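Participant: This is the structure, below, for whatever I ask next.
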Amino acid sequence: MAMAGESSGINYGDCDGKVVGKVERKVGLIYDETMCKHDTPDGEDHPECPDRIRVIWEMLQLAGVSQRCVVLGSIKAEDKHLQLVHTKDHVNLVKTLSTKQKDYRRNKIASQLNSIYLNGSSSEAAYLAAGSVVKVAEKVAEGELDSGFAIVRPPGHHAETDEAMGFCLFNNVAVAASYLLNERPDLGVKKILIVDWDVHHGNGTQKMFWKDPRVLFFSVHRHEYGSFYPAGDDGDYDMVGEGPGEGFNINVPWDQGRCGDADYLAAWDHILIPVAREFNPDIILLSAGFDAAIGDPLGGCRVTPYGYSVMLKKLMEFAHGKIVMALEGGYNLASIAKSSLACVQVLLEDKEVQASSEVYPFESTWRVIQAVRKRLCAYWPSLADELSWNLVNQKTPTPIILISSSDSETEDDAQGLLDQMSKLSIENHQVETACTSWRADLAKVDVWYASFGSNMWKPRFLCYIQGGQVEGMKKACVGSMDKSPPKEIVWETFPHRLFFGRESSPSWGVGGVGFANPLANHNDQIHMCLYRITLEQFNDVLCQENGLNVDTDLPVFDLAALQLAENKGAIIPEAVSNSWYGSVVCLGKECDIPILTMTCTLSVFEKFKSGEIPLKPPAKAYANTFIRGLVEGGRFSEEEAEAYIDKAASTPL
Ligand code: X5A
Ligand code: ZN
């Protein structure tokens with residue numbers, strides 16, 4: 001097992017002086033097939049589908065994890081507990097749904113609500129979902145369990161005091177929080193931290209504890225200036241609570257999709273964790289939606305199971321690890337099953353979390369984090385310090401978890417199940433349509449991709465379009481989604497500097513990597529091979545050149561970026577801003593079509609110039625591809641090509 005005691009924080013039972021070895025934590029689980037009966041009335045597909053909780057449960061069983069947990073029976077919530085946060089009318093409405101004789105009556109009710117469907121079993125499922133979260137919370141608060149996960153549906157965090165919305169009928173987590181605070185003073189829970197990592201804002205929960213300082217509500221979500229569901233200003237960072245609750249409501253509103261582990265962990269490290277340390281909760285309730293997961297058809301973000309497990313692990317240092325997870329959203333069956341498994345494994349403390357440093361938050365992430373810190377630092381002094389320049393300009397650790405070989409076998413089995421499950425999933429189809437829509441638009445626009453490096457050699461460049469691996473390449477390229485060859489190829493010379501830096505490249509191994517000076521200089525000459533391709537293909541080339549997956553649901557370099565690059569001469573697309581070729585430079589136009597190349601950013605160029613990053617001559621195999629490209633392209637004789645490369649490699653900047 002990859003498990004070194006020191007950093008894992010496991011209960012070693014050594015608090016009374018004797019080391020008794022690892023004591024497994026008691027983790028409670030509730031799952032009940034009855035909650036699967038809540039479904040669309042006439043069987044149409046809907047992302048919030050019964051299989052969501054089924055696949056999570058099956059995954060936990062298949063991985064042998066549920067067997068190590070305490071499995072509890074579900075239970076219906078009591079009306080008086082629901083009424084701690086909901087009106088009598090709302091509770092009655094949900095209660096009487098099942099007594100309605102006909103679907104059309106329920107359909108009428110549902111049609112008056114925002115994003116709600118109802119059938120004859122919705123009421124029972126809603127009562128079971130809320131009651132089950134209350135039950136797990138009670139057991140964790142009592143100390144009978146260390147932590148727990150209520151695998152429930154319908155979800156809860158959008159449900160408001162008097163209104164069902166956003167697939168939510170009762171606000172399960174809010175009912176549980178209010179139950180602990182108001183009905184069970186004997187349990188001594190005085191301060192509750194609610195963490196809502198569902199990709200949507202927890203508008204219902206926010207309102208229910210708006211003026212309550214006993215509940216610190218933290219929600220991180222896509223906001224996009226109020227355009228993302230549930231649209232409006234409620235999820236903005238200046239919504240901090242009111243009266244005695246002022247400062248006890250924290251929103252981290254992403255202003256773009258695509259956020260991933262690095263972005264979420266930056267919000268953890270620079271907002272949530274320092275605040276949690278000050279707040280010092282007695283228990284943590286987690287609105288655990290998995291719709292920020294990579295592959296989610298509604299969320300568009302890219303949090304991995306590792307990301308979730310690190311976020312959870314970081315929360316376990318508080319409240320003696322008393323954490324109650326309640327499922328909220330999450331609509332890609334494979335993603336939610338894997339993410340749930342990763343989380344339960346963290347609750348069981350059987351994985352060690354380690355940091356590496358390969359992925360960075362977006363620039364906009366730092367902007368949002370700084371705005372939140374500034375708005376809330378009056379209440380939480382630990383947010384007052386300015387984040388260091390180094391931090392916001394440089395890398396943030398990416399989490400990885402060491403998985404032992406025995407673990408990965410189970411994961412392989414689980415993968416098999418997931419493969420089967422994903423065939424049943426309607427979401428896959430939706431993912432595909434979301435991913436392909438931008439492609440159609442960008443496929444209509446042509447650009448020249450100007451290559452000054454190994455891509456001047458045509459067979460090498462074709463790998464980026466058609467996929468494959470040529471001589472000397474370390475690994476195969478997947479190619480572009482559009483495999484049509486370049487429409488035209490021309491050669492041109494530009495007033496930029498060719499130089500070599502860095503140690504090695506993933507495709508060529510050890511040896512310098514070629515760059516063009518991002519700025520023009522009339523004493524310099526760089527020889528370029530221009531391929532006329534579509535803007536869609538250019539995106540895929542840009543991704544492959546920077547080691548990103550081409551299968552992105554948003555373009556890295558869209559029409560707006562093209563416009564900016566044309567006007568300003570260069571732009572740094574956010575998704576590649578920390579990569580080697582992080583800057584897209586527009587060198588002008590040819591036949592009215594913009595000429596684009598990719599190179600290092602100006603700030604990296606400055607570091608080469610100052611010597612902070614050393615120049616490195618190209619390795620022989622790498623240099624040969626330049627020469628081959630220049631010669632086979634008819635630009636130079638072999639001697640001329642060699643002289644050109646030698647000069648670029650030996651002249652200081
Ligand atoms: C719980 C949850 C999402 C509602 C989206 C409505 N709800 N378009 O994820
Ligand atoms: Zn959601």
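Letters for chains follow the order of the structure tokens (A, B, ...), residue numbers begin at 1 for each chain, and ligand numbers begin at 1 in the order shown.
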Name the residues in contact with range 307-320 of chain A at a cut-off of 7 Å, using only C-alpha atoms, excluding same-chain residues fewer than 5 positions from it; report them as a PyMOL selection string.
Facilitator: chain A and resi 261+265+280-284+339+342-343+346+353+399
Participant: List as number ranges by chain the protein and nucleic acid residues lying within 9 Å of ligand 1, with only C-alpha atoms and all ligand atoms counted.
Facilitator: A: 48, 114-116, 154-158, 165-168, 198-202, 228-230, 289-291, 298-299, 327-331
Participant: Suppose we keep N, CA, C and O atoms; can you now write the selection as a short mmCIF file (atom, residue, chain, number, x, y, z; two decimals), in the first residue's frame?
Facilitator:
```cif
data_model
loop_
_atom_site.label_atom_id
_atom_site.label_comp_id
_atom_site.auth_asym_id
_atom_site.auth_seq_id
_atom_site.Cartn_x
_atom_site.Cartn_y
_atom_site.Cartn_z
N GLU A 48 -30.80 14.43 -14.87
CA GLU A 48 -30.92 14.02 -13.47
C GLU A 48 -31.72 12.71 -13.46
O GLU A 48 -32.90 12.70 -13.14
N ASN A 114 -39.14 26.09 -11.98
CA ASN A 114 -37.96 26.23 -12.81
C ASN A 114 -37.15 24.93 -12.77
O ASN A 114 -36.64 24.55 -11.73
N SER A 115 -37.06 24.25 -13.93
CA SER A 115 -36.25 23.03 -14.06
C SER A 115 -36.65 21.95 -13.06
O SER A 115 -35.81 21.47 -12.28
N ILE A 116 -37.91 21.58 -13.09
CA ILE A 116 -38.42 20.52 -12.21
C ILE A 116 -39.30 19.57 -13.01
O ILE A 116 -40.09 20.02 -13.83
N PRO A 154 -33.84 13.20 -5.27
CA PRO A 154 -33.37 14.41 -5.94
C PRO A 154 -32.37 15.20 -5.11
O PRO A 154 -32.37 15.09 -3.89
N PRO A 155 -31.54 16.01 -5.82
CA PRO A 155 -30.59 16.86 -5.11
C PRO A 155 -31.31 17.98 -4.34
O PRO A 155 -32.54 18.05 -4.40
N GLY A 156 -30.54 18.82 -3.65
CA GLY A 156 -31.21 19.77 -2.77
C GLY A 156 -30.82 21.23 -2.82
O GLY A 156 -31.64 22.10 -2.49
N HIS A 157 -29.60 21.56 -3.23
CA HIS A 157 -29.08 22.89 -2.90
C HIS A 157 -29.76 24.07 -3.60
O HIS A 157 -29.61 25.20 -3.17
N HIS A 158 -30.51 23.80 -4.70
CA HIS A 158 -31.25 24.91 -5.32
C HIS A 158 -32.60 25.16 -4.64
O HIS A 158 -33.20 26.21 -4.85
N MET A 165 -36.71 23.99 -7.27
CA MET A 165 -36.13 24.42 -8.54
C MET A 165 -34.84 23.66 -8.84
O MET A 165 -34.27 23.03 -7.95
N GLY A 166 -34.40 23.75 -10.07
CA GLY A 166 -33.09 23.18 -10.45
C GLY A 166 -32.94 21.71 -10.09
O GLY A 166 -31.88 21.30 -9.62
N PHE A 167 -33.95 20.91 -10.35
CA PHE A 167 -33.99 19.47 -10.07
C PHE A 167 -34.10 19.17 -8.57
O PHE A 167 -34.02 18.02 -8.16
N CYS A 168 -34.25 20.20 -7.72
CA CYS A 168 -34.23 20.01 -6.27
C CYS A 168 -35.62 20.23 -5.67
O CYS A 168 -36.28 21.22 -5.99
N ASP A 198 -20.68 21.72 -5.93
CA ASP A 198 -21.48 21.53 -7.14
C ASP A 198 -21.15 22.68 -8.09
O ASP A 198 -20.88 23.80 -7.65
N VAL A 199 -21.19 22.43 -9.39
CA VAL A 199 -20.78 23.47 -10.35
C VAL A 199 -21.76 24.65 -10.37
O VAL A 199 -21.43 25.73 -10.84
N HIS A 200 -22.95 24.42 -9.83
CA HIS A 200 -23.95 25.50 -9.76
C HIS A 200 -23.95 26.14 -8.37
O HIS A 200 -23.64 25.48 -7.38
N HIS A 201 -24.35 27.38 -8.33
CA HIS A 201 -24.43 28.07 -7.05
C HIS A 201 -25.53 27.46 -6.17
O HIS A 201 -26.63 27.18 -6.64
N GLY A 202 -25.23 27.29 -4.89
CA GLY A 202 -26.23 26.77 -3.94
C GLY A 202 -27.13 27.89 -3.44
O GLY A 202 -27.10 28.24 -2.26
N PHE A 228 -24.80 32.01 -15.79
CA PHE A 228 -24.87 30.55 -15.61
C PHE A 228 -25.97 30.20 -14.61
O PHE A 228 -26.23 30.97 -13.68
N TYR A 229 -26.56 29.03 -14.75
CA TYR A 229 -27.66 28.62 -13.87
C TYR A 229 -27.23 28.56 -12.41
O TYR A 229 -26.15 28.06 -12.13
N PRO A 230 -27.99 28.96 -11.45
CA PRO A 230 -29.26 29.70 -11.53
C PRO A 230 -28.96 31.18 -11.71
O PRO A 230 -28.48 31.82 -10.79
N GLY A 289 -21.94 17.91 -5.25
CA GLY A 289 -22.34 17.68 -6.64
C GLY A 289 -21.07 17.35 -7.41
O GLY A 289 -20.00 17.87 -7.09
N PHE A 290 -21.17 16.49 -8.41
CA PHE A 290 -19.98 16.17 -9.20
C PHE A 290 -20.15 16.66 -10.63
O PHE A 290 -19.67 16.04 -11.58
N ASP A 291 -20.84 17.80 -10.78
CA ASP A 291 -21.02 18.32 -12.13
C ASP A 291 -19.93 19.30 -12.54
O ASP A 291 -19.96 19.84 -13.65
N LEU A 298 -23.28 19.19 -18.31
CA LEU A 298 -23.84 20.49 -17.93
C LEU A 298 -22.76 21.44 -17.41
O LEU A 298 -22.86 22.65 -17.57
N GLY A 299 -21.75 20.88 -16.78
CA GLY A 299 -20.80 21.72 -16.05
C GLY A 299 -19.72 22.36 -16.91
O GLY A 299 -19.36 23.50 -16.71
N LEU A 327 -24.89 13.92 -1.97
CA LEU A 327 -24.83 14.09 -3.42
C LEU A 327 -25.76 15.22 -3.84
O LEU A 327 -26.89 15.31 -3.38
N GLU A 328 -25.26 16.10 -4.71
CA GLU A 328 -26.12 17.10 -5.34
C GLU A 328 -26.21 16.76 -6.83
O GLU A 328 -26.73 15.74 -7.18
N GLY A 329 -25.63 17.60 -7.70
CA GLY A 329 -25.69 17.33 -9.14
C GLY A 329 -24.59 16.38 -9.59
O GLY A 329 -23.91 15.73 -8.79
N GLY A 330 -24.37 16.38 -10.93
CA GLY A 330 -23.36 15.49 -11.51
C GLY A 330 -24.05 14.58 -12.51
O GLY A 330 -24.88 13.77 -12.11
N TYR A 331 -23.72 14.75 -13.81
CA TYR A 331 -24.58 14.15 -14.84
C TYR A 331 -23.85 13.27 -15.83
O TYR A 331 -24.46 12.77 -16.77
#
```
Participant: Write out as a PyMOL selection string the residues lying within 12 Å of Leu118 in chain A, counting only C-alpha atoms and excluding same-chain residues fewer than 5 positions away.
Facilitator: chain A and resi 37-43+46+48+93-94+96-98+100+102-113+123-126+154+164-165+167-169
Participant: For the residues in that selection, give me C-alpha atoms as a PDB file, in the first residue's frame.
Facilitator:
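And here's selection_31.pdb as it stands now:
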```
ATOM      1  CA  LYS A  37     -38.240   5.839  -8.731  1.00  0.00           C
ATOM      2  CA  HIS A  38     -38.298   9.614  -9.000  1.00  0.00           C
ATOM      3  CA  ASP A  39     -38.166  10.035 -12.771  1.00  0.00           C
ATOM      4  CA  THR A  40     -39.634  11.965 -15.660  1.00  0.00           C
ATOM      5  CA  PRO A  41     -43.369  11.237 -15.921  1.00  0.00           C
ATOM      6  CA  ASP A  42     -43.329   9.885 -19.446  1.00  0.00           C
ATOM      7  CA  GLY A  43     -39.882   8.402 -19.533  1.00  0.00           C
ATOM      8  CA  HIS A  46     -33.190  13.787 -18.415  1.00  0.00           C
ATOM      9  CA  GLU A  48     -30.922  14.021 -13.468  1.00  0.00           C
ATOM     10  CA  LEU A  93     -46.940  20.599  -1.821  1.00  0.00           C
ATOM     11  CA  VAL A  94     -44.193  17.982  -2.032  1.00  0.00           C
ATOM     12  CA  THR A  96     -49.257  15.665  -1.627  1.00  0.00           C
ATOM     13  CA  LEU A  97     -47.596  15.123  -5.007  1.00  0.00           C
ATOM     14  CA  SER A  98     -48.046  11.372  -4.723  1.00  0.00           C
ATOM     15  CA  LYS A 100     -52.428  13.377  -7.138  1.00  0.00           C
ATOM     16  CA  LYS A 102     -52.921  11.873 -12.617  1.00  0.00           C
ATOM     17  CA  ASP A 103     -49.598  12.898 -14.049  1.00  0.00           C
ATOM     18  CA  TYR A 104     -51.141  15.929 -15.697  1.00  0.00           C
ATOM     19  CA  ARG A 105     -51.778  17.542 -12.324  1.00  0.00           C
ATOM     20  CA  ARG A 106     -48.155  17.038 -11.342  1.00  0.00           C
ATOM     21  CA  ASN A 107     -47.023  18.189 -14.759  1.00  0.00           C
ATOM     22  CA  LYS A 108     -48.958  21.379 -14.242  1.00  0.00           C
ATOM     23  CA  ILE A 109     -47.213  22.007 -10.928  1.00  0.00           C
ATOM     24  CA  ALA A 110     -43.837  21.150 -12.428  1.00  0.00           C
ATOM     25  CA  SER A 111     -44.392  23.426 -15.402  1.00  0.00           C
ATOM     26  CA  GLN A 112     -44.812  26.377 -13.079  1.00  0.00           C
ATOM     27  CA  LEU A 113     -41.460  25.657 -11.478  1.00  0.00           C
ATOM     28  CA  SER A 123     -42.481  12.850  -3.050  1.00  0.00           C
ATOM     29  CA  GLU A 124     -41.189   9.662  -1.469  1.00  0.00           C
ATOM     30  CA  ALA A 125     -37.732  10.148  -2.998  1.00  0.00           C
ATOM     31  CA  ALA A 126     -37.569  13.742  -1.750  1.00  0.00           C
ATOM     32  CA  PRO A 154     -33.367  14.411  -5.944  1.00  0.00           C
ATOM     33  CA  ALA A 164     -38.522  23.695  -5.679  1.00  0.00           C
ATOM     34  CA  MET A 165     -36.134  24.424  -8.545  1.00  0.00           C
ATOM     35  CA  PHE A 167     -33.990  19.471 -10.072  1.00  0.00           C
ATOM     36  CA  CYS A 168     -34.232  20.009  -6.272  1.00  0.00           C
ATOM     37  CA  LEU A 169     -37.331  19.498  -4.110  1.00  0.00           C
TER      38      LEU A 169
END
```
Participant: Restricting the calculation to only C-alpha atoms and all ligand atoms: of A:Tyr31, A:Asn119, A:Asn332, A:Gly143, which residue gets closest to ligand 2?
Facilitator: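 Of the candidates, the smallest distance to ligand 2 is held by A:Asn332.
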Participant: One decimal, Å: what's the distance from CA of Ala292 in chain A over to CA of Arg222 in chain A, could you say?
Facilitator: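 Answer for the CA of Ala292 in chain A to CA of Arg222 in chain A separation: 8.8 Å.
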Participant: Residues of range 218-420 of chain A in strand (DSSP E) according to DSSP, as a VMD selection string?
Facilitator: chain A and resid 218 to 222 249 to 254 283 to 288 323 to 327 352 to 356 398 to 402
Participant: Can you write out the residues you just picked, keeping N, CA, C and O atoms, as a tab-separated table (two decimals), in the first residue's frame?
Facilitator:
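The result, stored in result.tsv:
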```tsv
chain	number	residue	atom	x	y	z
A	218	PHE	N	-20.01	28.15	1.99
A	218	PHE	CA	-18.99	28.39	0.96
A	218	PHE	C	-19.42	27.69	-0.31
A	218	PHE	O	-19.64	26.47	-0.31
A	219	SER	N	-19.57	28.44	-1.39
A	219	SER	CA	-19.96	27.83	-2.66
A	219	SER	C	-18.99	28.27	-3.76
A	219	SER	O	-18.69	29.45	-3.89
A	220	VAL	N	-18.49	27.31	-4.50
A	220	VAL	CA	-17.66	27.63	-5.67
A	220	VAL	C	-18.42	27.13	-6.89
A	220	VAL	O	-18.90	26.01	-6.91
A	221	HIS	N	-18.56	28.00	-7.87
A	221	HIS	CA	-19.47	27.67	-8.98
A	221	HIS	C	-19.17	28.50	-10.21
A	221	HIS	O	-18.57	29.56	-10.15
A	222	ARG	N	-19.66	28.00	-11.35
A	222	ARG	CA	-19.61	28.84	-12.55
A	222	ARG	C	-20.64	29.94	-12.39
A	222	ARG	O	-21.75	29.71	-11.95
A	249	ASN	N	-20.97	34.08	4.44
A	249	ASN	CA	-21.39	33.53	3.15
A	249	ASN	C	-20.28	33.86	2.15
A	249	ASN	O	-19.94	35.02	1.95
A	250	ILE	N	-19.70	32.84	1.57
A	250	ILE	CA	-18.58	33.06	0.66
A	250	ILE	C	-18.86	32.40	-0.68
A	250	ILE	O	-19.08	31.20	-0.76
A	251	ASN	N	-18.88	33.21	-1.71
A	251	ASN	CA	-19.05	32.69	-3.07
A	251	ASN	C	-17.75	32.87	-3.85
A	251	ASN	O	-17.15	33.94	-3.81
A	252	VAL	N	-17.38	31.83	-4.57
A	252	VAL	CA	-16.26	31.93	-5.51
A	252	VAL	C	-16.85	31.72	-6.90
A	252	VAL	O	-17.13	30.59	-7.30
A	253	PRO	N	-17.10	32.81	-7.60
A	253	PRO	CA	-17.83	32.73	-8.87
A	253	PRO	C	-16.88	32.68	-10.06
A	253	PRO	O	-16.33	33.71	-10.46
A	254	TRP	N	-16.69	31.53	-10.65
A	254	TRP	CA	-15.83	31.45	-11.84
A	254	TRP	C	-16.44	32.30	-12.95
A	254	TRP	O	-17.65	32.28	-13.14
A	283	ILE	N	-18.54	20.57	12.54
A	283	ILE	CA	-18.83	19.52	11.57
A	283	ILE	C	-18.87	20.18	10.18
A	283	ILE	O	-19.12	21.39	10.08
A	284	ILE	N	-18.61	19.41	9.15
A	284	ILE	CA	-18.67	19.94	7.78
A	284	ILE	C	-19.74	19.17	7.00
A	284	ILE	O	-19.73	17.94	7.00
A	285	LEU	N	-20.63	19.89	6.40
A	285	LEU	CA	-21.59	19.27	5.47
A	285	LEU	C	-21.15	19.64	4.06
A	285	LEU	O	-20.87	20.81	3.79
A	286	LEU	N	-21.07	18.65	3.21
A	286	LEU	CA	-20.55	18.88	1.87
A	286	LEU	C	-21.65	18.67	0.85
A	286	LEU	O	-22.16	17.56	0.71
A	287	SER	N	-22.04	19.74	0.17
A	287	SER	CA	-22.97	19.62	-0.95
A	287	SER	C	-22.15	19.12	-2.12
A	287	SER	O	-21.57	19.90	-2.88
A	288	ALA	N	-22.08	17.80	-2.22
A	288	ALA	CA	-21.12	17.18	-3.12
A	288	ALA	C	-21.79	16.87	-4.46
A	288	ALA	O	-22.16	15.74	-4.74
A	323	ILE	N	-17.17	14.74	8.48
A	323	ILE	CA	-17.65	15.25	7.20
A	323	ILE	C	-18.85	14.45	6.73
A	323	ILE	O	-18.81	13.21	6.73
A	324	VAL	N	-19.88	15.17	6.35
A	324	VAL	CA	-21.08	14.53	5.82
A	324	VAL	C	-21.21	14.94	4.37
A	324	VAL	O	-21.43	16.11	4.07
A	325	MET	N	-21.03	13.98	3.48
A	325	MET	CA	-21.20	14.30	2.06
A	325	MET	C	-22.63	13.97	1.63
A	325	MET	O	-23.14	12.90	1.96
A	326	ALA	N	-23.23	14.88	0.88
A	326	ALA	CA	-24.55	14.61	0.31
A	326	ALA	C	-24.45	14.86	-1.18
A	326	ALA	O	-23.97	15.92	-1.61
A	327	LEU	N	-24.89	13.92	-1.97
A	327	LEU	CA	-24.83	14.09	-3.42
A	327	LEU	C	-25.76	15.22	-3.84
A	327	LEU	O	-26.89	15.31	-3.38
A	352	GLU	N	-2.93	8.17	-0.01
A	352	GLU	CA	-2.10	9.29	0.37
A	352	GLU	C	-2.11	10.30	-0.76
A	352	GLU	O	-1.98	9.95	-1.92
A	353	VAL	N	-2.25	11.53	-0.40
A	353	VAL	CA	-2.33	12.57	-1.40
A	353	VAL	C	-0.98	13.26	-1.52
A	353	VAL	O	-0.37	13.60	-0.53
A	354	GLN	N	-0.52	13.43	-2.73
A	354	GLN	CA	0.79	14.03	-2.96
A	354	GLN	C	0.66	15.17	-3.94
A	354	GLN	O	-0.24	15.16	-4.76
A	355	ALA	N	1.57	16.07	-3.88
A	355	ALA	CA	1.49	17.19	-4.82
A	355	ALA	C	2.59	17.09	-5.87
A	355	ALA	O	3.68	16.65	-5.60
A	356	SER	N	2.30	17.49	-7.08
A	356	SER	CA	3.33	17.69	-8.09
A	356	SER	C	3.05	19.07	-8.66
A	356	SER	O	2.21	19.78	-8.16
A	398	THR	N	-0.25	20.53	-8.62
A	398	THR	CA	-1.35	19.68	-9.06
A	398	THR	C	-1.36	18.46	-8.16
A	398	THR	O	-0.31	17.94	-7.84
A	399	PRO	N	-2.50	18.02	-7.80
A	399	PRO	CA	-2.55	16.87	-6.90
A	399	PRO	C	-2.38	15.56	-7.64
A	399	PRO	O	-2.90	15.40	-8.73
A	400	ILE	N	-1.66	14.67	-7.07
A	400	ILE	CA	-1.77	13.29	-7.56
A	400	ILE	C	-1.88	12.39	-6.34
A	400	ILE	O	-1.47	12.76	-5.26
A	401	ILE	N	-2.47	11.26	-6.51
A	401	ILE	CA	-2.57	10.33	-5.40
A	401	ILE	C	-1.79	9.10	-5.79
A	401	ILE	O	-1.89	8.63	-6.91
A	402	LEU	N	-0.97	8.64	-4.88
A	402	LEU	CA	-0.23	7.42	-5.18
A	402	LEU	C	-1.19	6.26	-5.07
A	402	LEU	O	-1.83	6.07	-4.06
```
Participant: For Arg373 in chain A, list every protein, DNA or RNA residue within 7 Å, evaluated using only C-alpha atoms, and leave out those in the same chain fewer than 5 positions away; present the list as a PyMOL selection string.
Facilitator: chain A and resi 271+383-384
